[in-house]
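> Have a look at this one before I ask anything.
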Amino acid sequence: MIAVVLGTRPEIVKMSPIIRECEARNLDYFILHSGQHYSYEMDWAFFEDLELPEPKYNLDVGSGTQAEQTGKILTGIEKVLMQEKPDIVLVQGDTNTVMAGALAAAKLHIRVGHVEAGLRSFDRTMPEEINRVVADHISDYLFVPTENARRYLLNEGIEENKICRTGNTIVDAVFQNREISKKRANILDTLGLEPREYFLVTSHRQENVDNPENLRNIITGLEAVHREYSLPVIFPMHPRTRKMVEQFGMSLDGVSVMNPIGFLEFLQIESNARLVMTDSGGVQEETCILGVPCVTLRENTERPETIEVGANVLAGTGAGKILTSVGQMLSRTGTWENPFGDGMAGRMIVTICGGLPGMRKVPIKS
Ligand code: UD1
Ligand code: UDP
């Protein structure tokens with residue numbers, strides 16, 4: 001039996017190809033949701049858009065400090081794993097849910113598969129970097145998206161036979177949903193936007209938005225981009241960012257702020273944007289796959305492949321650098337190669353898990 005552990009918006013998106021594959025093959029599996037994300041637009045909206053089955057368990061841990069949240073997830077997951085005794089636990093990415101899920105399973109001697117293993121920003125001030133390193137070092141199967149990721153793991157002494165290059169499941173998710181999004185999403189009409197005639201922004205990274213100076217600089221940069229190009233700047237705002245903007249009493253001039261958008265609509269608004277400014281990991285990957293230039297509002301990235309192929313540039317959070325980076329990236333054509341694989345990652349991962357000893361199919365319901 002496979003336990004698919006997830007808890008946040010990007011994990012739902014990037015686990016969706018694996019869940020679909022388990023469903024298609026009638027495998028014995030279940031979904032365990034930590035409840036790290038819980039607002040409708042960060043959570044259930046994605047199950048609806050991606051037509052995923054309801055999780056068998058939801059721990060409803062909610063928000064808290066790093067330790068509070070991680071601790072609650074750890075004890076909650078342990079209980080479920082002791083009861084269900086799965087053959088393998090799959091976690092995806094770098095959130096607190098991932099580290100807690102991997103740790104709970106490893107301590108119970110249950111095999112752990114880390115999807116999107118081997119990413120490194122080499123910045124240990126980021127909670128995500130700690131989560132990645134811990135998850136990678138206690139995992140039995142490391143499903144890496146790229147050759148870079150494999151090299152990082154080998155350099156850290158992880159055995160080669162644990163590592164399997166699959167590509168990133170985000171490619172599967174984009175390929176599987178791009179056409180559906182074209183048919184079903186209507187957000188450009190709703191917002192009165194013309195393709196390639198607007199900028200899109202997302203930002204939620206703790207080190208950016210919880211720091212008033214960085215957040216102020218980012219907002220100043222976005223306002224400057226709006227003034228320079230006279231194009232709409234669309235900012236579906238993560239709840240963490242909205243909370244901090246309100247707490248610091250900030251306002252955004254000329255930037256259209258709205259609630260987070262569902263995945264199908266986001267794919268549409270993202271693929272038609274002139275350029276995207278973001279500090280999101282998933283959005284850096286998606287823009288690279290979709291051929292849309294990206295300016296990353298960070299000093300580093302664990303997705304260096306996006307920069308190497310010419311799809312992305314690091315701007316940090318300085319307003320001047322954001323403006324010049326946008327100018328630099330606007331001339332990019334979007335014809336770079338996609339470094340994240342061929343969209344078969346979910347299939348490969350489930351094939352490997354399905355072949356493990358003890359794994360069985362669910363009897364087909366009549
Ligand atoms: C988490 C992950 C981050 C990931 C992001 C995806 C960690 C350490 N961070 O960051 O790696 O990129 O998810 O979006 O695991 N909130 C709501 N509703 C929700 C969820 C959060 O209102 O459904 C608000 C709460 O005020 C909460 C804050 O957002 O305190 C931060 O949420 P949290 O899950 O702690 O971190 P994220 O910033 O979402
Ligand atoms: N996303 C979305 N709606 C939004 C913003 C993002 O559907 O309003 C999707 C996006 O397409 C990507 C994922 O959310 O698949 C990225 O999540 P996030 O930026 O929260 O996390 P990260 O990737 O940085 O961990």
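Letters A, B, ... go to the chains of the structure tokens in the order shown; residues in each chain start at 1; ligands are counted from 1 in the same order.
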Determine, counting only C-alpha atoms, which protein, DNA and RNA residues have an atom within 8 Å of an atom of Phe46 in chain A; residues of the same chain fewer than 4 positions away are not included. Present the result as a PyMOL selection string.

chain A and resi 9+12-13+41-42+50-51+262-263

> Which residues are near Leu252 in chain A? Cut-off 10 Å, only C-alpha atoms, ignore same chain within fewer than 3 positions. Put them as a list of chain:residue names.

A:Arg216, A:Ile219, A:Thr220, A:Leu222, A:Glu223, A:Val245, A:Val255, A:Ser256, A:Val257

> List every residue of range 105-243 of chain A that DSSP, applied to the backbone of this structure, places in alpha helix (DSSP H), and write the result as a PDB file with N, CA and C atoms, in the first residue's frame.


ATOM      1  N   ALA A 105       7.715   8.273   9.074  1.00  0.00           N
ATOM      2  CA  ALA A 105       7.793   6.984   8.373  1.00  0.00           C
ATOM      3  C   ALA A 105       9.131   6.298   8.638  1.00  0.00           C
ATOM      4  N   ALA A 106      10.221   7.062   8.516  1.00  0.00           N
ATOM      5  CA  ALA A 106      11.551   6.458   8.673  1.00  0.00           C
ATOM      6  C   ALA A 106      11.705   5.848  10.067  1.00  0.00           C
ATOM      7  N   LYS A 107      11.176   6.523  11.086  1.00  0.00           N
ATOM      8  CA  LYS A 107      11.306   6.014  12.459  1.00  0.00           C
ATOM      9  C   LYS A 107      10.465   4.757  12.673  1.00  0.00           C
ATOM     10  N   PRO A 127      13.460  27.733   5.816  1.00  0.00           N
ATOM     11  CA  PRO A 127      12.948  26.498   6.423  1.00  0.00           C
ATOM     12  C   PRO A 127      12.896  25.360   5.403  1.00  0.00           C
ATOM     13  N   GLU A 128      12.642  25.725   4.148  1.00  0.00           N
ATOM     14  CA  GLU A 128      12.523  24.694   3.092  1.00  0.00           C
ATOM     15  C   GLU A 128      13.830  23.946   2.883  1.00  0.00           C
ATOM     16  N   GLU A 129      14.974  24.652   3.023  1.00  0.00           N
ATOM     17  CA  GLU A 129      16.264  23.997   2.783  1.00  0.00           C
ATOM     18  C   GLU A 129      16.517  22.931   3.861  1.00  0.00           C
ATOM     19  N   ILE A 130      16.162  23.261   5.092  1.00  0.00           N
ATOM     20  CA  ILE A 130      16.313  22.288   6.191  1.00  0.00           C
ATOM     21  C   ILE A 130      15.417  21.078   5.896  1.00  0.00           C
ATOM     22  N   ASN A 131      14.194  21.354   5.493  1.00  0.00           N
ATOM     23  CA  ASN A 131      13.243  20.256   5.220  1.00  0.00           C
ATOM     24  C   ASN A 131      13.753  19.338   4.108  1.00  0.00           C
ATOM     25  N   ARG A 132      14.330  19.948   3.062  1.00  0.00           N
ATOM     26  CA  ARG A 132      14.840  19.148   1.931  1.00  0.00           C
ATOM     27  C   ARG A 132      15.984  18.247   2.365  1.00  0.00           C
ATOM     28  N   VAL A 133      16.921  18.843   3.095  1.00  0.00           N
ATOM     29  CA  VAL A 133      18.116  18.091   3.470  1.00  0.00           C
ATOM     30  C   VAL A 133      17.718  16.917   4.368  1.00  0.00           C
ATOM     31  N   VAL A 134      16.870  17.193   5.367  1.00  0.00           N
ATOM     32  CA  VAL A 134      16.454  16.110   6.279  1.00  0.00           C
ATOM     33  C   VAL A 134      15.712  15.034   5.496  1.00  0.00           C
ATOM     34  N   ALA A 135      14.747  15.437   4.682  1.00  0.00           N
ATOM     35  CA  ALA A 135      13.943  14.445   3.943  1.00  0.00           C
ATOM     36  C   ALA A 135      14.840  13.599   3.033  1.00  0.00           C
ATOM     37  N   ASP A 136      15.769  14.231   2.348  1.00  0.00           N
ATOM     38  CA  ASP A 136      16.632  13.479   1.428  1.00  0.00           C
ATOM     39  C   ASP A 136      17.474  12.442   2.173  1.00  0.00           C
ATOM     40  N   HIS A 137      17.981  12.845   3.343  1.00  0.00           N
ATOM     41  CA  HIS A 137      18.922  11.946   4.027  1.00  0.00           C
ATOM     42  C   HIS A 137      18.227  10.795   4.744  1.00  0.00           C
ATOM     43  N   ILE A 138      16.913  10.846   4.895  1.00  0.00           N
ATOM     44  CA  ILE A 138      16.230   9.710   5.538  1.00  0.00           C
ATOM     45  C   ILE A 138      15.338   8.969   4.543  1.00  0.00           C
ATOM     46  N   GLU A 147      19.651  16.303 -13.522  1.00  0.00           N
ATOM     47  CA  GLU A 147      20.999  15.793 -13.279  1.00  0.00           C
ATOM     48  C   GLU A 147      21.690  16.590 -12.165  1.00  0.00           C
ATOM     49  N   ASN A 148      21.444  17.915 -12.121  1.00  0.00           N
ATOM     50  CA  ASN A 148      21.984  18.753 -11.036  1.00  0.00           C
ATOM     51  C   ASN A 148      21.618  18.171  -9.686  1.00  0.00           C
ATOM     52  N   ALA A 149      20.336  17.823  -9.538  1.00  0.00           N
ATOM     53  CA  ALA A 149      19.825  17.328  -8.256  1.00  0.00           C
ATOM     54  C   ALA A 149      20.519  16.015  -7.893  1.00  0.00           C
ATOM     55  N   ARG A 150      20.714  15.168  -8.886  1.00  0.00           N
ATOM     56  CA  ARG A 150      21.406  13.901  -8.618  1.00  0.00           C
ATOM     57  C   ARG A 150      22.840  14.178  -8.113  1.00  0.00           C
ATOM     58  N   ARG A 151      23.508  15.128  -8.777  1.00  0.00           N
ATOM     59  CA  ARG A 151      24.884  15.459  -8.393  1.00  0.00           C
ATOM     60  C   ARG A 151      24.963  15.987  -6.960  1.00  0.00           C
ATOM     61  N   TYR A 152      24.018  16.844  -6.600  1.00  0.00           N
ATOM     62  CA  TYR A 152      24.028  17.380  -5.234  1.00  0.00           C
ATOM     63  C   TYR A 152      23.925  16.237  -4.220  1.00  0.00           C
ATOM     64  N   LEU A 153      23.064  15.285  -4.500  1.00  0.00           N
ATOM     65  CA  LEU A 153      22.859  14.176  -3.552  1.00  0.00           C
ATOM     66  C   LEU A 153      24.107  13.309  -3.460  1.00  0.00           C
ATOM     67  N   LEU A 154      24.716  13.027  -4.615  1.00  0.00           N
ATOM     68  CA  LEU A 154      25.934  12.214  -4.607  1.00  0.00           C
ATOM     69  C   LEU A 154      27.031  12.933  -3.816  1.00  0.00           C
ATOM     70  N   ASN A 155      27.121  14.255  -3.997  1.00  0.00           N
ATOM     71  CA  ASN A 155      28.128  15.044  -3.264  1.00  0.00           C
ATOM     72  C   ASN A 155      27.909  14.986  -1.760  1.00  0.00           C
ATOM     73  N   THR A 169       7.274  16.102 -11.498  1.00  0.00           N
ATOM     74  CA  THR A 169       5.842  15.849 -11.750  1.00  0.00           C
ATOM     75  C   THR A 169       5.088  17.125 -12.133  1.00  0.00           C
ATOM     76  N   ILE A 170       5.727  18.300 -11.973  1.00  0.00           N
ATOM     77  CA  ILE A 170       5.045  19.530 -12.394  1.00  0.00           C
ATOM     78  C   ILE A 170       4.861  19.530 -13.915  1.00  0.00           C
ATOM     79  N   VAL A 171       5.789  18.876 -14.629  1.00  0.00           N
ATOM     80  CA  VAL A 171       5.635  18.812 -16.097  1.00  0.00           C
ATOM     81  C   VAL A 171       4.386  17.981 -16.421  1.00  0.00           C
ATOM     82  N   ASP A 172       4.219  16.855 -15.742  1.00  0.00           N
ATOM     83  CA  ASP A 172       3.022  16.033 -15.948  1.00  0.00           C
ATOM     84  C   ASP A 172       1.771  16.884 -15.680  1.00  0.00           C
ATOM     85  N   ALA A 173       1.816  17.613 -14.529  1.00  0.00           N
ATOM     86  CA  ALA A 173       0.630  18.389 -14.130  1.00  0.00           C
ATOM     87  C   ALA A 173       0.320  19.463 -15.164  1.00  0.00           C
ATOM     88  N   VAL A 174       1.359  20.124 -15.690  1.00  0.00           N
ATOM     89  CA  VAL A 174       1.128  21.171 -16.702  1.00  0.00           C
ATOM     90  C   VAL A 174       0.584  20.530 -17.983  1.00  0.00           C
ATOM     91  N   PHE A 175       1.226  19.459 -18.448  1.00  0.00           N
ATOM     92  CA  PHE A 175       0.780  18.819 -19.699  1.00  0.00           C
ATOM     93  C   PHE A 175      -0.650  18.283 -19.558  1.00  0.00           C
ATOM     94  N   GLN A 176      -0.939  17.671 -18.403  1.00  0.00           N
ATOM     95  CA  GLN A 176      -2.264  17.053 -18.219  1.00  0.00           C
ATOM     96  C   GLN A 176      -3.380  18.087 -18.132  1.00  0.00           C
ATOM     97  N   ASN A 177      -3.032  19.307 -17.691  1.00  0.00           N
ATOM     98  CA  ASN A 177      -4.098  20.277 -17.409  1.00  0.00           C
ATOM     99  C   ASN A 177      -4.126  21.494 -18.330  1.00  0.00           C
ATOM    100  N   ARG A 178      -3.124  21.599 -19.209  1.00  0.00           N
ATOM    101  CA  ARG A 178      -3.042  22.797 -20.060  1.00  0.00           C
ATOM    102  C   ARG A 178      -4.257  22.912 -20.984  1.00  0.00           C
ATOM    103  N   GLU A 179      -4.605  21.804 -21.627  1.00  0.00           N
ATOM    104  CA  GLU A 179      -5.736  21.844 -22.566  1.00  0.00           C
ATOM    105  C   GLU A 179      -7.057  22.037 -21.817  1.00  0.00           C
ATOM    106  N   ILE A 180      -7.182  21.345 -20.677  1.00  0.00           N
ATOM    107  CA  ILE A 180      -8.407  21.484 -19.865  1.00  0.00           C
ATOM    108  C   ILE A 180      -8.549  22.947 -19.446  1.00  0.00           C
ATOM    109  N   SER A 181      -7.414  23.542 -19.079  1.00  0.00           N
ATOM    110  CA  SER A 181      -7.435  24.934 -18.639  1.00  0.00           C
ATOM    111  C   SER A 181      -7.899  25.850 -19.777  1.00  0.00           C
ATOM    112  N   LYS A 182      -7.416  25.555 -21.018  1.00  0.00           N
ATOM    113  CA  LYS A 182      -7.810  26.398 -22.159  1.00  0.00           C
ATOM    114  C   LYS A 182      -9.328  26.355 -22.339  1.00  0.00           C
ATOM    115  N   LYS A 183      -9.916  25.164 -22.130  1.00  0.00           N
ATOM    116  CA  LYS A 183     -11.367  25.017 -22.347  1.00  0.00           C
ATOM    117  C   LYS A 183     -12.181  25.564 -21.186  1.00  0.00           C
ATOM    118  N   ARG A 184     -11.705  25.340 -19.968  1.00  0.00           N
ATOM    119  CA  ARG A 184     -12.561  25.631 -18.811  1.00  0.00           C
ATOM    120  C   ARG A 184     -12.305  26.981 -18.152  1.00  0.00           C
ATOM    121  N   ILE A 187     -10.389  33.295 -16.920  1.00  0.00           N
ATOM    122  CA  ILE A 187      -9.965  34.401 -16.050  1.00  0.00           C
ATOM    123  C   ILE A 187      -9.525  35.648 -16.830  1.00  0.00           C
ATOM    124  N   LEU A 188      -9.005  35.455 -18.043  1.00  0.00           N
ATOM    125  CA  LEU A 188      -8.595  36.631 -18.816  1.00  0.00           C
ATOM    126  C   LEU A 188      -9.815  37.501 -19.120  1.00  0.00           C
ATOM    127  N   ASP A 189     -10.903  36.840 -19.536  1.00  0.00           N
ATOM    128  CA  ASP A 189     -12.137  37.594 -19.815  1.00  0.00           C
ATOM    129  C   ASP A 189     -12.649  38.254 -18.542  1.00  0.00           C
ATOM    130  N   THR A 190     -12.670  37.459 -17.465  1.00  0.00           N
ATOM    131  CA  THR A 190     -13.207  37.986 -16.206  1.00  0.00           C
ATOM    132  C   THR A 190     -12.452  39.240 -15.773  1.00  0.00           C
ATOM    133  N   LEU A 191     -11.135  39.229 -15.944  1.00  0.00           N
ATOM    134  CA  LEU A 191     -10.339  40.371 -15.476  1.00  0.00           C
ATOM    135  C   LEU A 191     -10.119  41.405 -16.588  1.00  0.00           C
ATOM    136  N   GLN A 206       8.791  33.313   3.132  1.00  0.00           N
ATOM    137  CA  GLN A 206       8.901  33.856   4.494  1.00  0.00           C
ATOM    138  C   GLN A 206       9.945  34.968   4.590  1.00  0.00           C
ATOM    139  N   GLU A 207      11.144  34.715   4.028  1.00  0.00           N
ATOM    140  CA  GLU A 207      12.228  35.701   4.165  1.00  0.00           C
ATOM    141  C   GLU A 207      11.928  36.992   3.400  1.00  0.00           C
ATOM    142  N   ASN A 208      11.002  36.933   2.451  1.00  0.00           N
ATOM    143  CA  ASN A 208      10.603  38.147   1.732  1.00  0.00           C
ATOM    144  C   ASN A 208       9.466  38.876   2.433  1.00  0.00           C
ATOM    145  N   VAL A 209       8.372  38.158   2.715  1.00  0.00           N
ATOM    146  CA  VAL A 209       7.165  38.888   3.118  1.00  0.00           C
ATOM    147  C   VAL A 209       7.068  39.128   4.621  1.00  0.00           C
ATOM    148  N   PRO A 212       9.687  43.521   6.812  1.00  0.00           N
ATOM    149  CA  PRO A 212       9.037  44.714   6.253  1.00  0.00           C
ATOM    150  C   PRO A 212       9.874  45.413   5.191  1.00  0.00           C
ATOM    151  N   GLU A 213      11.192  45.389   5.359  1.00  0.00           N
ATOM    152  CA  GLU A 213      12.040  46.078   4.388  1.00  0.00           C
ATOM    153  C   GLU A 213      11.985  45.372   3.028  1.00  0.00           C
ATOM    154  N   ASN A 214      12.090  44.049   3.050  1.00  0.00           N
ATOM    155  CA  ASN A 214      12.039  43.295   1.783  1.00  0.00           C
ATOM    156  C   ASN A 214      10.674  43.424   1.119  1.00  0.00           C
ATOM    157  N   LEU A 215       9.628  43.329   1.936  1.00  0.00           N
ATOM    158  CA  LEU A 215       8.278  43.420   1.356  1.00  0.00           C
ATOM    159  C   LEU A 215       8.060  44.809   0.753  1.00  0.00           C
ATOM    160  N   ARG A 216       8.487  45.855   1.475  1.00  0.00           N
ATOM    161  CA  ARG A 216       8.339  47.228   0.968  1.00  0.00           C
ATOM    162  C   ARG A 216       9.096  47.391  -0.360  1.00  0.00           C
ATOM    163  N   ASN A 217      10.314  46.819  -0.412  1.00  0.00           N
ATOM    164  CA  ASN A 217      11.121  46.930  -1.632  1.00  0.00           C
ATOM    165  C   ASN A 217      10.454  46.212  -2.804  1.00  0.00           C
ATOM    166  N   ILE A 218       9.916  45.033  -2.540  1.00  0.00           N
ATOM    167  CA  ILE A 218       9.238  44.295  -3.620  1.00  0.00           C
ATOM    168  C   ILE A 218       8.064  45.113  -4.146  1.00  0.00           C
ATOM    169  N   ILE A 219       7.262  45.640  -3.214  1.00  0.00           N
ATOM    170  CA  ILE A 219       6.086  46.424  -3.637  1.00  0.00           C
ATOM    171  C   ILE A 219       6.531  47.649  -4.441  1.00  0.00           C
ATOM    172  N   THR A 220       7.584  48.320  -3.990  1.00  0.00           N
ATOM    173  CA  THR A 220       8.103  49.484  -4.732  1.00  0.00           C
ATOM    174  C   THR A 220       8.543  49.055  -6.135  1.00  0.00           C
ATOM    175  N   GLY A 221       9.170  47.894  -6.230  1.00  0.00           N
ATOM    176  CA  GLY A 221       9.602  47.368  -7.534  1.00  0.00           C
ATOM    177  C   GLY A 221       8.402  47.099  -8.449  1.00  0.00           C
ATOM    178  N   LEU A 222       7.353  46.504  -7.905  1.00  0.00           N
ATOM    179  CA  LEU A 222       6.161  46.203  -8.716  1.00  0.00           C
ATOM    180  C   LEU A 222       5.504  47.496  -9.196  1.00  0.00           C
ATOM    181  N   GLU A 223       5.443  48.482  -8.298  1.00  0.00           N
ATOM    182  CA  GLU A 223       4.841  49.773  -8.679  1.00  0.00           C
ATOM    183  C   GLU A 223       5.671  50.420  -9.799  1.00  0.00           C
ATOM    184  N   ALA A 224       6.985  50.300  -9.705  1.00  0.00           N
ATOM    185  CA  ALA A 224       7.869  50.891 -10.732  1.00  0.00           C
ATOM    186  C   ALA A 224       7.654  50.184 -12.080  1.00  0.00           C
ATOM    187  N   VAL A 225       7.486  48.861 -12.049  1.00  0.00           N
ATOM    188  CA  VAL A 225       7.247  48.113 -13.300  1.00  0.00           C
ATOM    189  C   VAL A 225       5.933  48.575 -13.927  1.00  0.00           C
ATOM    190  N   HIS A 226       4.916  48.746 -13.088  1.00  0.00           N
ATOM    191  CA  HIS A 226       3.618  49.215 -13.609  1.00  0.00           C
ATOM    192  C   HIS A 226       3.756  50.581 -14.272  1.00  0.00           C
ATOM    193  N   ARG A 227       4.462  51.500 -13.620  1.00  0.00           N
ATOM    194  CA  ARG A 227       4.618  52.861 -14.167  1.00  0.00           C
ATOM    195  C   ARG A 227       5.424  52.839 -15.469  1.00  0.00           C
ATOM    196  N   GLU A 228       6.489  52.036 -15.490  1.00  0.00           N
ATOM    197  CA  GLU A 228       7.396  52.015 -16.650  1.00  0.00           C
ATOM    198  C   GLU A 228       6.684  51.470 -17.890  1.00  0.00           C
ATOM    199  N   TYR A 229       5.889  50.416 -17.737  1.00  0.00           N
ATOM    200  CA  TYR A 229       5.329  49.739 -18.921  1.00  0.00           C
ATOM    201  C   TYR A 229       3.840  50.021 -19.140  1.00  0.00           C
ATOM    202  N   PRO A 239      -2.139  33.990   1.351  1.00  0.00           N
ATOM    203  CA  PRO A 239      -2.648  34.508   2.638  1.00  0.00           C
ATOM    204  C   PRO A 239      -1.554  34.991   3.585  1.00  0.00           C
ATOM    205  N   ARG A 240      -0.373  34.375   3.531  1.00  0.00           N
ATOM    206  CA  ARG A 240       0.731  34.861   4.394  1.00  0.00           C
ATOM    207  C   ARG A 240       1.069  36.301   4.029  1.00  0.00           C
ATOM    208  N   THR A 241       1.142  36.575   2.742  1.00  0.00           N
ATOM    209  CA  THR A 241       1.520  37.907   2.256  1.00  0.00           C
ATOM    210  C   THR A 241       0.437  38.918   2.604  1.00  0.00           C
ATOM    211  N   ARG A 242      -0.826  38.520   2.406  1.00  0.00           N
ATOM    212  CA  ARG A 242      -1.926  39.440   2.729  1.00  0.00           C
ATOM    213  C   ARG A 242      -1.873  39.813   4.211  1.00  0.00           C
ATOM    214  N   LYS A 243      -1.626  38.787   5.036  1.00  0.00           N
ATOM    215  CA  LYS A 243      -1.558  39.046   6.486  1.00  0.00           C
ATOM    216  C   LYS A 243      -0.450  40.051   6.801  1.00  0.00           C
TER     217      LYS A 243
END

> Once you count only C-alpha atoms and all ligand atoms, which residues end up within 10 Å of ligand 2, and could you hand them over as an MDAnalysis selection string?

chainID A and resid 8:14 37 41:43 45:46 49 93:95 128 170 173:174 200:205 235:239 258:270 278:287

> Between CA of Gly310 in chain A and CA of Thr333 in chain A, what is the distance, to one decimal in Å?

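Answer for the CA of Gly310 in chain A to CA of Thr333 in chain A separation: 9.4 Å.
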
> In terms of the shortest atom-to-atom distance over only C-alpha atoms and all ligand atoms, which of A:Gln247, A:Asn96, A:Ser16, A:Gln69 is closest to ligand 1?

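Of all the options, A:Asn96 lies closest to ligand 1.
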
> Go through A:Pro53, A:Gly192, A:Gly101, A:Gly113 one by one, measure the shortest atom-to-atom distance of each to ligand 1 using only C-alpha atoms and all ligand atoms, and give the residue with the smallest value.

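So, comparing all the options, the nearest one is A:Gly101.
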
> Find, counting only C-alpha atoms, the residue in A:Thr166, A:Thr75, A:Ser34, A:Asn338 that gets nearest to Pro55 in chain A.

A:Ser34

> Contacts of range 346-353 of chain A at 6 Å or less, counting only C-alpha atoms, minus same-chain residues fewer than 2 places along, as an mmCIF file with C-alpha atoms, in the first residue's frame?


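Final output, saved to part-v9.cif:
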data_model
loop_
_atom_site.group_PDB
_atom_site.id
_atom_site.type_symbol
_atom_site.label_atom_id
_atom_site.label_comp_id
_atom_site.auth_asym_id
_atom_site.auth_seq_id
_atom_site.Cartn_x
_atom_site.Cartn_y
_atom_site.Cartn_z
ATOM 1 C CA PRO A 17 -0.085 12.999 -11.442
ATOM 2 C CA ILE A 18 0.904 10.306 -8.921
ATOM 3 C CA THR A 169 5.842 15.849 -11.750
ATOM 4 C CA MET A 344 6.156 10.898 -17.366
ATOM 5 C CA GLY A 355 6.824 -3.097 -8.085
ATOM 6 C CA LEU A 356 7.847 -3.092 -4.420
#

> When DSSP works through the backbone of this structure, what residues of range 166-294 of chain A end up as strand (DSSP E), shown as a list of chain:residue names?

A:Phe199, A:Leu200, A:Val201, A:Thr202, A:Val233, A:Ile234, A:Phe235, A:Pro236, A:Val255, A:Ser256, A:Val257, A:Met258, A:Leu275, A:Val276, A:Met277, A:Thr278, A:Cys294

> Between A:Met277, A:Ala100, A:Cys22, A:Ile88, which one has atoms that come closest to Gln66 in chain A, using only C-alpha atoms?

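Smallest distance to Gln66 in chain A is found for A:Ala100.
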
> So which one's closest to ligand 1, A:Trp44, A:Tyr57, A:Trp336, A:Phe199? Using only C-alpha atoms and all ligand atoms, please.

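For ligand 1, the nearest of the given residues is A:Trp44.
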
> Please indicate the distance in Å from CA of Leu193 in chain A to CA of Ser331 in chain A, rounded to one decimal place.

21.0 Å

> Within 10 Å of Ser139 in chain A, counting only C-alpha atoms, which residues qualify if same-chain residues fewer than 2 places away don't, as a list in words?

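Skipping anything fewer than 2 positions along the chain leaves Val89, Leu90, Val91, Ala102, Leu103, Ala105, Ala106, Ile110, Arg111, Val112, Gly113, His114, Val115, Ala117, Val134, Ala135, Asp136, His137, Tyr141, Leu142, Phe143, Ile158, Lys162 and Ile163 of chain A.
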